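Reading through the structure tokens given below for one structure.
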Amino acid sequence: MTDFFSWEQHTIFGAGLIGSYLGGALSAQGFQTTLICRAKAKSKLTSGLKLTDYQGHEAIIAKIDVLDDIQLSTPNFTIKKARFLWLTVKCTGIKQAVIDIAPLVDENTIILCCQNGLGSDAAVKQAYPENLVLRVMVPFNVVELSPGHYHRGSEGKLTIEQTPQSKVGISTVVMAIHSELLPVTTTAEMDALLWAKLQLNLGNSVNALADIPVKAMLEQRSYRKVIALLMGELLQVADALAITLPKVTAISAHKIPMVLRLPNFIFSRVANKMLAIDPNVRSSMWWDVSQGKSTEIEHINGAILKHAKALHIHCPANEKISSLIRALTNDKALDTDHKPPIAAETLLRLVTHK
């Protein structure tokens, strides 16, 4: 049986931007924390971490336990089993992660899936049917300002799924790990919350194609119009599935597209919180594209298309954006108009076929 009250020990598997910030915040709270990262990232983490956020909070972690993926896969290497195992790899890394985390898991391990998009937890549940697997919604962006310095550049509370099996224990854990640097809460309606987060994540692919910081992208109306089109299609699918999206920003889900379409001078006043983003923040998909990695497009825009197909709903904007991202990551030949940076008006024309 899972022991919720042994919550002092946390292991972060896949310590990139989000994972390193999460691990640092837990360590700053005094929890036993181990980061597991790629070998090439280990040196900057073993030198300690600095955490900051857009509200001015700060923490210095002089030392934190760090292992790399090579050590973890070494025969006869022994490691303490994880009590709380936070999976912060991207959706594209889940298939390999369920194999790699085996040395960390015993019958008491609680696995927390921190992926964008929909459905990536299914592989974890299938691989570890006896363990409690909970989904986690991470609403904020993290950037690395310098080696080992991780900065939370936007608002939102990390939200952990609350199930009948986890209700009492998870609430206790949340109370313990919540901090100014890492606001935490729970929800019993994770399906709807992930759809609401998915709506916000639709800006990720546009940011990758725009090739500019998120704040600068949102300051241009034509980019916002593209995002509004993507969101409108998601809302159509969610309504057909009878999913009521919770309010995760100051603006309700169905009003966000309308606000995004506003002229710049009105948008800057109405959506001041939406623009309260660190000017350095870029989306995770931008990072993937810029580094030639596989993206999460199939779990974000692609997830909408999968549901839309079953419902016989046409989503041309999401289809076009998905095809542009796939072409980039598949190294297909693209003309100049299709390669980042794609100007706002050009991208809007490509999406609307005008």
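Each chain in the structure tokens gets a letter, A, B and so on, in the order shown; residues start at 1 in every chain, and ligands are counted from 1 in the order they appear.
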
So that each row is one residue of range 89-192 of chain A with an atom at most 12 Å from range 232-243 of chain A, can you give its shortest atom pair and the distance in Å to one decimal, using only C-alpha atoms, rows by chain and rising number, as JSON lines?
```
{"residue": "A:Glu189", "atom": "CA", "partner": "A:Ile243", "partner_atom": "CA", "distance": 10.5}
{"residue": "A:Met190", "atom": "CA", "partner": "A:Ile243", "partner_atom": "CA", "distance": 11.3}
{"residue": "A:Asp191", "atom": "CA", "partner": "A:Ile243", "partner_atom": "CA", "distance": 8.5}
{"residue": "A:Ala192", "atom": "CA", "partner": "A:Ile243", "partner_atom": "CA", "distance": 6.2}
```

How would the residues just picked look written out with C-alpha atoms as a tab-separated table (two decimals), in the first residue's frame?
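Result went into again_32.tsv, see below:
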```tsv
chain	number	residue	atom	x	y	z
A	189	GLU	CA	-11.22	17.30	-12.47
A	190	MET	CA	-7.91	16.70	-14.19
A	191	ASP	CA	-9.39	15.72	-17.57
A	192	ALA	CA	-11.10	19.09	-17.96
```

Quick check for you: according to DSSP on this backbone, which residues of range 71-238 of chain A are classed as alpha helix (DSSP H)? Reply as a PyMOL selection string.
chain A and resi 71-72+94-100+121-127+167-177+190-210+214-218+221-238

Name all residues at most 7 Å from Gly23 in chain A (count only C-alpha atoms; drop same-chain ones fewer than 2 positions away) and give them as a list in words.
Ile12, Gly19, Ser20, Tyr21, Ala25, Leu26, Ser27, Thr33 and Leu35 of chain A

Convert the current residue selection to file output with N, CA and C atoms, as a PDB file, in the first residue's frame.
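part-v3.pdb was written with the following content:
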```
ATOM      1  N   ILE A  12      13.399  13.418  -9.339  1.00  0.00           N
ATOM      2  CA  ILE A  12      12.970  14.074 -10.571  1.00  0.00           C
ATOM      3  C   ILE A  12      13.652  13.373 -11.737  1.00  0.00           C
ATOM      4  N   GLY A  19      11.959  20.243 -14.799  1.00  0.00           N
ATOM      5  CA  GLY A  19      12.415  19.305 -13.775  1.00  0.00           C
ATOM      6  C   GLY A  19      13.452  19.898 -12.843  1.00  0.00           C
ATOM      7  N   SER A  20      14.375  20.671 -13.393  1.00  0.00           N
ATOM      8  CA  SER A  20      15.413  21.282 -12.553  1.00  0.00           C
ATOM      9  C   SER A  20      14.806  22.334 -11.633  1.00  0.00           C
ATOM     10  N   TYR A  21      13.860  23.124 -12.165  1.00  0.00           N
ATOM     11  CA  TYR A  21      13.203  24.123 -11.324  1.00  0.00           C
ATOM     12  C   TYR A  21      12.399  23.441 -10.218  1.00  0.00           C
ATOM     13  N   ALA A  25      13.145  23.730  -6.249  1.00  0.00           N
ATOM     14  CA  ALA A  25      12.143  24.267  -5.326  1.00  0.00           C
ATOM     15  C   ALA A  25      11.872  23.303  -4.182  1.00  0.00           C
ATOM     16  N   LEU A  26      11.830  22.008  -4.472  1.00  0.00           N
ATOM     17  CA  LEU A  26      11.628  21.004  -3.420  1.00  0.00           C
ATOM     18  C   LEU A  26      12.833  20.952  -2.485  1.00  0.00           C
ATOM     19  N   SER A  27      14.014  21.012  -3.053  1.00  0.00           N
ATOM     20  CA  SER A  27      15.227  20.997  -2.231  1.00  0.00           C
ATOM     21  C   SER A  27      15.299  22.231  -1.345  1.00  0.00           C
ATOM     22  N   THR A  33      16.003  15.437  -2.270  1.00  0.00           N
ATOM     23  CA  THR A  33      15.686  15.531  -3.687  1.00  0.00           C
ATOM     24  C   THR A  33      16.847  15.040  -4.536  1.00  0.00           C
ATOM     25  N   LEU A  35      18.009  14.655  -8.603  1.00  0.00           N
ATOM     26  CA  LEU A  35      17.759  14.973  -9.997  1.00  0.00           C
ATOM     27  C   LEU A  35      18.423  13.925 -10.877  1.00  0.00           C
TER      28      LEU A  35
END
```

Pull the closest atom pair for each residue of range 31-104 of chain A that gets at most 12 Å from range 282-292 of chain A, along with the distance in Å to one decimal, counting only C-alpha atoms, ordering rows by chain and then ascending residue number, as a Markdown table.
```
| residue | atom | partner | partner_atom | distance |
| --- | --- | --- | --- | --- |
| A:Val89 | CA | A:Ser284 | CA | 11.5 |
| A:Lys90 | CA | A:Ser284 | CA | 9.2 |
| A:Cys91 | CA | A:Met285 | CA | 11.4 |
| A:Thr92 | CA | A:Asp288 | CA | 10.7 |
```

When you look at Ser205 in chain A with a cut-off of 12 Å (counting only C-alpha atoms), what residues show up, excluding the ones that are within fewer than 2 positions of it in the same chain? I need them as number ranges by chain.
A: 198-203, 207-212, 214, 217, 223, 226-227, 230, 282-289, 295-302, 317-326, 328, 340, 342, 347

Report as JSON lines: every residue of range 121-226 of chain A with an atom at most 7 Å from range 113-116 of chain A, its closest pair of atoms, and their distance in Å to one decimal, counting only C-alpha atoms, with rows sorted by chain and ascending residue number.
```
{"residue": "A:Asp121", "atom": "CA", "partner": "A:Cys113", "partner_atom": "CA", "distance": 6.3}
{"residue": "A:Leu134", "atom": "CA", "partner": "A:Cys113", "partner_atom": "CA", "distance": 6.2}
{"residue": "A:Arg135", "atom": "CA", "partner": "A:Cys113", "partner_atom": "CA", "distance": 4.8}
{"residue": "A:Val136", "atom": "CA", "partner": "A:Cys114", "partner_atom": "CA", "distance": 4.8}
{"residue": "A:Met137", "atom": "CA", "partner": "A:Cys114", "partner_atom": "CA", "distance": 6.1}
{"residue": "A:Val138", "atom": "CA", "partner": "A:Cys114", "partner_atom": "CA", "distance": 6.6}
```

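Counting only C-alpha atoms, the residue from A:Leu45, A:Lys157, A:Glu144, A:Ser120 that sits nearest to Leu67 in chain A is A:Leu45.
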
Running DSSP on the backbone, which parts of range 61-209 of chain A land in strand (DSSP E), as a PyMOL selection string?
chain A and resi 61+65-68+84-87+110-113+132-137+142-146+149-152+158-161+184-187

Compare A:Ser43, A:Ile64, A:Val133, A:Lys50 by their minimum atom-to-atom distance to Leu87 in chain A, counting only C-alpha atoms, and give me the closest one.
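Among the listed residues, the smallest separation from Leu87 in chain A belongs to A:Val133.
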
Which of A:His178, A:Gly148, A:Ile101, A:Lys95 sits closest to Ala123 in chain A [using only C-alpha atoms]:
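Answer, going by the shortest atom-to-atom distance: A:Lys95.
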
So that I can check the surroundings of range 268-270 of chain A, please list as a VMD selection string every protein, DNA and RNA residue that reaches within 12 Å of it, counting only C-alpha atoms and ignoring chain neighbours fewer than 6 positions away.
chain A and resid 215 to 216 218 to 221 250 to 251 255 to 256 258 to 262 276

Using only N, CA and C atoms, please write the residues we just selected to a file, as a compact mmCIF listing (two decimals), in the first residue's frame.
```txt
# COMPACT_ATOMS: atom_id res chain seq x y z
N LYS A 215 6.22 36.70 -25.27
CA LYS A 215 5.64 38.02 -25.06
C LYS A 215 5.63 38.83 -26.35
N ALA A 216 6.72 38.80 -27.08
CA ALA A 216 6.80 39.53 -28.35
C ALA A 216 5.80 38.97 -29.36
N LEU A 218 2.85 37.58 -28.60
CA LEU A 218 1.51 38.00 -28.20
C LEU A 218 1.25 39.48 -28.44
N GLU A 219 2.28 40.25 -28.63
CA GLU A 219 2.12 41.68 -28.92
C GLU A 219 1.76 41.93 -30.38
N GLN A 220 1.77 40.88 -31.21
CA GLN A 220 1.44 41.02 -32.63
C GLN A 220 0.08 40.38 -32.91
N ARG A 221 -0.84 41.17 -33.40
CA ARG A 221 -2.23 40.73 -33.54
C ARG A 221 -2.39 39.54 -34.48
N ALA A 250 -7.23 34.62 -16.07
CA ALA A 250 -8.19 35.64 -15.66
C ALA A 250 -9.37 35.72 -16.63
N ILE A 251 -9.19 35.14 -17.83
CA ILE A 251 -10.23 35.16 -18.86
C ILE A 251 -10.75 33.75 -19.06
N LYS A 255 -13.82 32.92 -23.95
CA LYS A 255 -13.59 34.33 -24.25
C LYS A 255 -12.16 34.62 -24.70
N ILE A 256 -11.25 33.68 -24.45
CA ILE A 256 -9.85 33.93 -24.80
C ILE A 256 -9.67 34.21 -26.29
N MET A 258 -11.68 35.54 -28.43
CA MET A 258 -12.21 36.87 -28.70
C MET A 258 -11.22 37.95 -28.25
N VAL A 259 -10.64 37.76 -27.07
CA VAL A 259 -9.68 38.72 -26.55
C VAL A 259 -8.43 38.75 -27.42
N LEU A 260 -7.98 37.58 -27.87
CA LEU A 260 -6.78 37.53 -28.70
C LEU A 260 -6.95 38.29 -30.01
N ARG A 261 -8.17 38.37 -30.51
CA ARG A 261 -8.43 39.06 -31.78
C ARG A 261 -8.52 40.58 -31.65
N LEU A 262 -8.54 41.10 -30.44
CA LEU A 262 -8.68 42.54 -30.24
C LEU A 262 -7.51 43.31 -30.84
N ALA A 276 1.93 39.52 -18.83
CA ALA A 276 2.83 39.56 -17.67
C ALA A 276 3.74 38.34 -17.70
```
